[in-house]
Each structure stands twice: as structure tokens, then as C-alpha cells.
Amino acid sequence: MRRELFNRIVEHVVSVNSYFVQKPDACGVLGLNLHQKVTTAVRMLAYGCAADAIDEYLRIGETTILEATHRFYKTIVHVYGAEYLREPTAGDIELLLKQNRDRGFPGMLGSLQYMHWKWDKCLSAKSGAYTTYKGSESIVLEAVMSYDLLFWHAFFGMLISNNNINVMNRSNVFRSLINGKAPPMNFVVNRHSYDMGYYLGDGICQKIGTIVMSIKYADS
């Protein structure tokens with residue numbers, strides 16, 4: 001994580017939750033500073049390590065680490081949930097369609113991708129279900145992103161034994177289309193009119209009407 005991003009998160013978290021503000025105890029001795037509390041929470045969430053594995057490095061007790069982590073992610077949801085941790089609104093979709101239309105992709109909602117996220121701290125009891133053919137534990141991540149790499153959809157946590165079709169069937173990315181609640185749109189490509197948006201995918205995606213495969217070798 002870049003220092004600028006970390007400092008911005010610290011600033012926002014402290015402005016909302018006074019728990020992370022450094023305070024003196026009953027004897028007048030200053031307690032843990034905000035960087036210690038935020039750093040331990042970020043390390044817990046990023047690496048999935050145990051609380052007692054970082055207590056000596058950051059000089060924080062195990063119970064305090066767990067409390068700081070719990071308060072941190074609650075604060076993150078409160079601060080950033082309205083902007084990032086949600087489904088796109090009608091205004092967001094209109095902006096996405098305009099951006100993609102200006103780049104030559106009318107009707108495209110975003111790029112759909114499936115990837116394997118390596119799980120270093122996988123539990124031994126779950127190792128078999130999450131082990132790939134290469135021998136490492138991974139979790140399937142389905143993501144939809146815009147041209148500027150803004151992830152506005154993420155479906156995370158499926159077993160590695162599931163293929164992309166099974167992941168798509170359980171994901172909610174196509175729920176609005178299936179329920180008939182997709183935003184109305186009209187565009188023309190090659191003199192054909194369309195009234196449903198689509199996602200740009202690759203060859204491993206399921207061949208359905210809402211996914212357009214990329215062209216590997218375009219005709220010159």
C-alpha cells in the first residue's frame with residue numbers, strides 16, 4: 001500500500017472513530033498511537049495472520065489487536081460504504097455507458113474477469129477443496145471493472161473446484177438482467193439495434209448474450 005493511501009485512510013478513520021485517537025491513560029501516560037492500531041488491523045485483514053503473530057512487532061496485546069481490527073473494518077464500511085461498497089446506481093451505470101461509448105464500446109457495462117487469488121493461510125481442513133492442479137490453495141474471484149480499473153463488482157470466496165459457469169450461476173452480477181430490472185439502454189452496432197447491455201470477457205467465459213468475447217486476431 002502506498003504511503004499516501006495509508007495516510008488518507010488513517011485520516012478518514014480517525015476523523016470518524018475516536019477509538020483510534022491516541023489518549024493518555026489514568027496515569028497520564030500516552031497509550032497506543034493511531035498508526036499502531038491501523039497498521040495492525042490492515043496486517044490482520046491483508047495477510048490473515050493470527051493476532052499473537054504481530055503483537056511483538058507492533059507492541060500491542062492480542063485482545064487490543066482484535067478490538068482494533070473489529071473497529072477498523074466497521075469504520076471502513078461506514079466511511080467508504082456509500083461510495084465503493086455497493087452496487088452501481090442508475091447514475092453510475094449511465095456514466096459507465098458514456099465512458100465506454102466514447103471509447104468505441106457502446107452498451108458495454110465493464111470488463112468481466114475471473115482469477116485465482118492465492119490463499120497462503122488456508123486451513124488444513126479446507127486445503128483439498130481450495131487446491132489447484134498446480135498444488136497451491138486459491139480462491140476464485142469474479143470481478144467487473146471499468147477502463148480506469150475501478151472495481152464496481154466483486155464476488156469472492158468460491159471453491160477452486162468450481163468452474164466459471166458455476167461461479168456465474170451463484171453470482172449476482174447478472175441478477176438485474178435475469179429479473180428484468182436492468183437499466184434501459186439502446187444502441188446500434190453494425191446497423192443492429194440492441195436494448196441490453198453487455199460485459200467484455202475472454203475465451204473462458206460462458207457464451208451468453210450478455211458477454212462479448214474479445215477478438216484475439218482482428219481482421220486487418
# chains A, B, ... in the order shown; residues from 1 in each chain; ligands from 1
>>> residues_around(residues="Glu94 (chain A)", least_positions_apart="6", cutoff="10 Å", atoms="only C-alpha atoms", output="MDAnalysis selection string")
chainID A and resid 88 107 109 183:185
>>> atom_distance(atom1="CA of Ser138 (chain A)", atom2="CA of Trp117 (chain A)")
5.1 Å
>>> residues_around(residues="Phe187 (chain A)", least_positions_apart="3", cutoff="7 Å", atoms="only C-alpha atoms", output="number ranges by chain")
A: 106-107, 193-195
